[in-house]
Structures are given as structure tokens and as C-alpha cells.
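See below for the structure under consideration.
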Amino acid sequence: MEEYLSIGEVSELLGKSKETLRRWDREGKFSAVREPMSNYRVYRKSEVQNLFSNFISQDIKETFSNFVEAENEYKVLELFAGAGGLAIGMEKAGLKCVALNEIDKFACKTLRQNRPNWNVLEGDIKVFDFSEYHNKVDVVTGGFPCQAFSYAGKKLGLADARGTLFYEFARVVKEVNPPICIGENVRGLLSHENGKTLQGMISILNEIGYNVIPVQVLKAINYNVPQKRERLILVGIRKDIAQKYEYPKPYNKIYHLKDALKKSELFNCNVPKSDGAKYPKSKIEVLDLVPQKGYWRDLPLDIQKSFMGGSFYLGGGKTGIARRIGWDEPCLTLTCSPAQKQTERCHPEETRPFTVREYARIQTFPDEWKFEGSLAQQYKQIGNAVPVNLGKEVGYSIVKFLNGYYDFLNSKS
Ligand SMILES: C[S@@+](CC[C@H](N)C(=O)[O-])C[C@H]1O[C@@H](n2cnc3c(N)ncnc32)[C@H](O)[C@@H]1O
């Protein structure tokens, strides 16, 4: 069977920009073809290998890519935008952020500082009316914080959810009426209130005119992120649309901490120096004794007892306590603070928490993306984010869906 490479993959392999590749295509120097199933412009893998064998030092490992080129300028409205992890991912996938809402003033400062042209709507989502975007946005996205609903009747309706941030998400989707909406959350939403919270959200989206695709939890390590983070994705498709949505396919390649902090396929230089939190002397003395990939169980027994206190006798793995990450493993999920007792993530060689720039790299933020506010504020913004590379792959899945939807609409008119 013929195998194809996307323009993004060929651009990466040859170290040539996509613009150059498009020019070569126009000039007939190196022509792309239409992939028979999707009709996207792609390159025959065999041809790339034959023509550029001297260029390509490594084998082409992945035989597919989620990359899809946007056929139109698609617009996204990003709610609960934080420091922009998901928004940058969307931008990298070719979507244009027309507006972003966020309540935290430091996160808003971060967004404005890095993208002065973005329309950042600062404040509580509850006070904003988004009807000016009615039918003008292709996708509404948002990582609404999870809250319990209070159930009046058997089935939760939009009005019953009033007062929650999911209500606000759904209210905005209703106001804007996009073809697709994407909610993003933690895996815990699956089991929150025995699954009732998620069911309630699905029935509300249904009520406002959206079919929800079976929910998936995506593992960031399968999407070019050197971190074992998971995100639950909730996809709603407007009911008048028949176009199929497919989640981004997972990649085989797993990146490790060294790929985040050192020059690698992910980053073209070592991580820049930056500020970072420090451990107190007493903690350094303990963590100095923990090897890479080790945790409190690797300490001498007497130190285990004194460090763990009463919880030493309580059982349970508690593998996040006194944890030192290894270079050759993906990092454990970063949290909003880099040095918490239950979720320690010590640097592999130095006895200290990750710096701000290291944190950002593990979340695949570009080095140029600066964070505003105190050190604690910066860690919080990074720890809260959707990893940029995961956002990008979800972005491609939206682009693919929208390309198909608008192709269908155009074919009818
Ligand atoms: C999980 S974070 C979102 C992260 C973001 N998607 C990213 O990738 O960087 C949730 C965000 O919702 C914001 N938020 C919480 N309540 C809000 C409200 N009432 N109105 C607007 N934003 C709110 C928080 O400040 C936080 O930044």
C-alpha cells in the first residue's frame, strides 16, 4: 500500500519550510500528490526517501501524522484560557484565536504580553455576552473547572446547572452556535459523582443542540509531550452536521525528560536558564539520597520513618513523595506548584525543583513564551495548562473535521 507524508513531516525531515515545499510544488521541482482517501496534498514516502536519501539521516519512524492543513481560516473562541497552552496549540494547528476569556489577571498579562494582537477578555466569564460571535466562530474550546451539580429532576437541564462554570461554557456555546465545541478536563471527571456530572454535561450539550462524541482521555505522552499527563476531551458536534469527528491518533514515539530539557527532536537547544523554587536545607539532605526514578522507599529506613512521619505506617504506594525524575522516562504530571510533598518532582541530577523554563518545556511551551506574575503565579499558569503539543494535535483533529464539513457545504452550493 502506498504510504504518504504530510507537508509538515516532509518539512521537518528535510529542514525546509512549508513555504519552500509549496513553492517547489508550484514550480514542479518536487510535487505533492492528492491522498486518495482524504484528498489532502501529501508526498509519497518512497519518493521522499529516493530523492532525499542523502538528506535524511534517520529512518522515517512514524508512518502517519495527524497534521492537516487548514483549507480556510478557522476561528476559535477559547474560554478559561489560562496562560494559553491550548490556545498556542490551536494556533500551531492553523486556527485563529478571535477571543480568549480568562479571570486571572496574571494569566491575562501573559497572554497579552506574548500575543499583543489577541483579544483577551479579562474577567469572570459570567459577565461576558458572546452573542457578537454568533455564527462567526468555528470552534469554542474551554477547560472549565469541574464542579458538582445539584440535581433537581432526573435529567439535568441547562437551567439546573446555573451557577457552575460548565453552565457558562454551555451558555457561550449556545450563544455562539459553532459547528464544534471542545471541553477539556481532568480524567477525574469520569468518576466525579459516580459519572453523574459527566452525564449531566452530555445531556446539557444535547439539550442545546450538540451530539457528544464518546468521551476519550488522551495521554499526552502519545502526542509528543514528555510528560505522563492525561486530559479528558469532550467533543460536541452541532446536530445539523453529519461530518464525522475523529480524535487525533496516538504516536508510537514516547519522549523523555531529557528530550524536554536537552537539545532533542522536540527542542533545538538546551533549556534556557531561569528562576526556580528552592527546597529548604532539610529537604535537600533527604532528597540527596534518592536516586533517579526513586522515591521515599529508596531512603534508609530511619530516614523513611522520620520523613514520612505517621503516614509511614499507613500503607499505600505514595510514589509521588520524595520522587526524583529520571532522564530516560517521561516526567510525572506537573502540578500548580513544583515542590509539594505528595507530588514531588525533583530534578534528575540536581537536588532542586524544576525551574520555570524547565516546567514550561515539560509542558512543551516554546521558550519564547514568557509568563507574567510572581514565581508561584508562573508555575501555576504552566501547571494548569494543556500541553501545547497535545493542544496542537487536538487542533489538527478540529481542522480535519472543519475541512470536511466546509467541503461538504461547498459541494452542495
Ligand atoms: C485548567 S485552567 C485552563 C488552562 C488553559 N486551557 C491552558 O491550556 O493553559 C482553567 C482556567 O480557568 C480560569 N477560570 C476559573 N474561573 C473562571 C471564571 N469564572 N471566568 C473565567 N475564567 C475562569 C482559571 O483562572 C484558569 O486559568
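Going through the C-alpha cells in order, the chains are called A, B, and so on, while each chain numbers its residues from 1 and the ligands are numbered from 1 in the order shown.
Every residue having at least one atom no farther than 6 Å from ligand 1 is included below, with only C-alpha atoms and all ligand atoms taken into account: A:Phe80, A:Ala81, A:Gly82, A:Ala83, A:Gly84, A:Gly85, A:Leu86, A:Asn101, A:Glu102, A:Ile103, A:Asp104, A:Gly123, A:Asp124, A:Ile125, A:Gly143, A:Phe144, A:Pro145, A:Asn384, A:Ala385, A:Val386.
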Selected residues written out with N, CA and C atoms, as a PDB file, in the first residue's frame:
```
ATOM      1  N   PHE A  80     -11.692  30.070  29.495  1.00  0.00           N
ATOM      2  CA  PHE A  80     -10.814  29.571  30.571  1.00  0.00           C
ATOM      3  C   PHE A  80      -9.399  29.399  30.018  1.00  0.00           C
ATOM      4  N   ALA A  81      -8.895  30.443  29.395  1.00  0.00           N
ATOM      5  CA  ALA A  81      -7.691  30.313  28.552  1.00  0.00           C
ATOM      6  C   ALA A  81      -6.394  30.148  29.332  1.00  0.00           C
ATOM      7  N   GLY A  82      -6.360  30.492  30.616  1.00  0.00           N
ATOM      8  CA  GLY A  82      -5.135  30.371  31.401  1.00  0.00           C
ATOM      9  C   GLY A  82      -3.993  31.087  30.711  1.00  0.00           C
ATOM     10  N   ALA A  83      -2.801  30.468  30.740  1.00  0.00           N
ATOM     11  CA  ALA A  83      -1.627  31.090  30.125  1.00  0.00           C
ATOM     12  C   ALA A  83      -1.526  30.738  28.651  1.00  0.00           C
ATOM     13  N   GLY A  84      -2.521  30.019  28.125  1.00  0.00           N
ATOM     14  CA  GLY A  84      -2.570  29.839  26.672  1.00  0.00           C
ATOM     15  C   GLY A  84      -2.056  28.514  26.128  1.00  0.00           C
ATOM     16  N   GLY A  85      -1.898  27.484  26.969  1.00  0.00           N
ATOM     17  CA  GLY A  85      -1.389  26.203  26.456  1.00  0.00           C
ATOM     18  C   GLY A  85      -2.231  25.689  25.287  1.00  0.00           C
ATOM     19  N   LEU A  86      -3.530  25.601  25.504  1.00  0.00           N
ATOM     20  CA  LEU A  86      -4.410  25.095  24.447  1.00  0.00           C
ATOM     21  C   LEU A  86      -4.463  26.082  23.276  1.00  0.00           C
ATOM     22  N   ASN A 101     -11.086  34.263  26.899  1.00  0.00           N
ATOM     23  CA  ASN A 101     -11.584  34.766  28.184  1.00  0.00           C
ATOM     24  C   ASN A 101     -10.817  34.102  29.321  1.00  0.00           C
ATOM     25  N   GLU A 102     -10.459  34.902  30.316  1.00  0.00           N
ATOM     26  CA  GLU A 102      -9.735  34.377  31.482  1.00  0.00           C
ATOM     27  C   GLU A 102      -9.912  35.351  32.633  1.00  0.00           C
ATOM     28  N   ILE A 103     -10.075  34.813  33.837  1.00  0.00           N
ATOM     29  CA  ILE A 103     -10.333  35.668  35.002  1.00  0.00           C
ATOM     30  C   ILE A 103      -9.044  36.110  35.704  1.00  0.00           C
ATOM     31  N   ASP A 104      -8.010  35.282  35.610  1.00  0.00           N
ATOM     32  CA  ASP A 104      -6.784  35.541  36.373  1.00  0.00           C
ATOM     33  C   ASP A 104      -5.960  36.649  35.708  1.00  0.00           C
ATOM     34  N   GLY A 123     -11.734  38.781  32.934  1.00  0.00           N
ATOM     35  CA  GLY A 123     -12.814  38.870  33.914  1.00  0.00           C
ATOM     36  C   GLY A 123     -13.597  37.576  33.992  1.00  0.00           C
ATOM     37  N   ASP A 124     -14.542  37.579  34.913  1.00  0.00           N
ATOM     38  CA  ASP A 124     -15.378  36.403  35.139  1.00  0.00           C
ATOM     39  C   ASP A 124     -16.236  36.136  33.893  1.00  0.00           C
ATOM     40  N   ILE A 125     -16.207  34.932  33.410  1.00  0.00           N
ATOM     41  CA  ILE A 125     -16.964  34.564  32.193  1.00  0.00           C
ATOM     42  C   ILE A 125     -18.440  34.954  32.330  1.00  0.00           C
ATOM     43  N   GLY A 143     -11.392  24.722  29.022  1.00  0.00           N
ATOM     44  CA  GLY A 143     -11.123  23.798  30.128  1.00  0.00           C
ATOM     45  C   GLY A 143     -11.837  24.316  31.366  1.00  0.00           C
ATOM     46  N   PHE A 144     -13.166  24.117  31.412  1.00  0.00           N
ATOM     47  CA  PHE A 144     -13.960  24.634  32.533  1.00  0.00           C
ATOM     48  C   PHE A 144     -13.602  23.877  33.813  1.00  0.00           C
ATOM     49  N   PRO A 145     -13.358  24.574  34.926  1.00  0.00           N
ATOM     50  CA  PRO A 145     -13.109  23.867  36.180  1.00  0.00           C
ATOM     51  C   PRO A 145     -14.331  23.026  36.559  1.00  0.00           C
ATOM     52  N   ASN A 384      -1.290  24.445  35.159  1.00  0.00           N
ATOM     53  CA  ASN A 384      -2.715  24.382  34.803  1.00  0.00           C
ATOM     54  C   ASN A 384      -2.959  24.088  33.328  1.00  0.00           C
ATOM     55  N   ALA A 385      -1.918  24.227  32.529  1.00  0.00           N
ATOM     56  CA  ALA A 385      -2.126  24.274  31.069  1.00  0.00           C
ATOM     57  C   ALA A 385      -2.338  22.906  30.429  1.00  0.00           C
ATOM     58  N   VAL A 386      -2.965  22.946  29.281  1.00  0.00           N
ATOM     59  CA  VAL A 386      -2.967  21.784  28.381  1.00  0.00           C
ATOM     60  C   VAL A 386      -1.593  21.813  27.701  1.00  0.00           C
TER      61      VAL A 386
END
```
Residue neighbourhood Arg352 in chain A, 6 Å, only C-alpha atoms, exclusion window fewer than 3 positions, as a PDB file with N, CA and C atoms, in the first residue's frame:
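And here is the file that came out, selection04.pdb:
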```pdb
ATOM      1  N   LYS A 278      13.112  26.782  45.396  1.00  0.00           N
ATOM      2  CA  LYS A 278      14.229  26.074  46.073  1.00  0.00           C
ATOM      3  C   LYS A 278      13.651  25.190  47.177  1.00  0.00           C
ATOM      4  N   CYS A 346      11.597  16.033  41.657  1.00  0.00           N
ATOM      5  CA  CYS A 346      12.935  16.606  41.813  1.00  0.00           C
ATOM      6  C   CYS A 346      13.717  16.437  40.507  1.00  0.00           C
ATOM      7  N   HIS A 347      14.567  17.400  40.200  1.00  0.00           N
ATOM      8  CA  HIS A 347      15.435  17.333  39.009  1.00  0.00           C
ATOM      9  C   HIS A 347      16.294  16.057  39.073  1.00  0.00           C
TER      10      HIS A 347
END
```
* Asked: range 361-367 of chain A: which residues within 7 Å, counting only C-alpha atoms, same-chain residues fewer than 6 positions away excluded, as a VMD selection string?
  -> chain A and resid 225 to 227 260 to 261 387 to 389
Those residues you just picked out, can you put them in a file as a PDB file, in the first residue's frame with C-alpha atoms?
```pdb
ATOM      1  CA  VAL A 225       4.727  15.530  25.175  1.00  0.00           C
ATOM      2  CA  PRO A 226       7.451  14.241  27.542  1.00  0.00           C
ATOM      3  CA  GLN A 227       5.025  14.004  30.456  1.00  0.00           C
ATOM      4  CA  ALA A 260      12.407  18.275  27.177  1.00  0.00           C
ATOM      5  CA  LEU A 261      15.471  19.724  28.872  1.00  0.00           C
ATOM      6  CA  PRO A 387       0.426  20.728  26.981  1.00  0.00           C
ATOM      7  CA  VAL A 388       0.937  22.746  23.812  1.00  0.00           C
ATOM      8  CA  ASN A 389       1.769  19.714  21.645  1.00  0.00           C
TER       9      ASN A 389
END
```
* Asked: Do you know which residues are at most 9 Å from range 302-318 of chain A counting only C-alpha atoms, after dropping those on the same chain fewer than 2 positions away, and could you put them as a list in words?
  ->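 Selected residues are Lys283, Val286, Tyr295, Trp296, Arg297, Asp298, Leu299, Pro300, Gly320, Ile321, Gln342 and Thr343 of chain A.
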* Asked: Do you know which residues are at most 9 Å from range 394-411 of chain A counting only C-alpha atoms, after dropping those on the same chain fewer than 4 positions away, and could you put them as a VMD selection string?
  -> chain A and resid 38 66 to 72 74 86 89 to 95 138 to 139 179 to 180 241 to 249 389 to 390
* Structure fact -> Min atom-atom distance to Glu193 in chain A from the set A:Cys146, A:Glu122, A:Leu332, A:Leu51, counting only C-alpha atoms, belongs to A:Cys146
* To do: Identify, with DSSP run on backbone atoms, the residues in range 149-382 of chain A assigned to strand (DSSP E), and express the list as a list in words.
  =>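 Answer for range 149-382 of chain A restricted to strand (DSSP E) is Ile180, Cys181, Ile182, Gly183, Glu184, Asn185, Tyr210, Asn211, Val212, Gln216, Val217, Leu218, Lys219, Gln227, Lys228, Glu230, Arg231, Leu232, Ile233, Leu234, Val235, Gly236, Ile237, Arg238, Cys331 and Leu332 of chain A.
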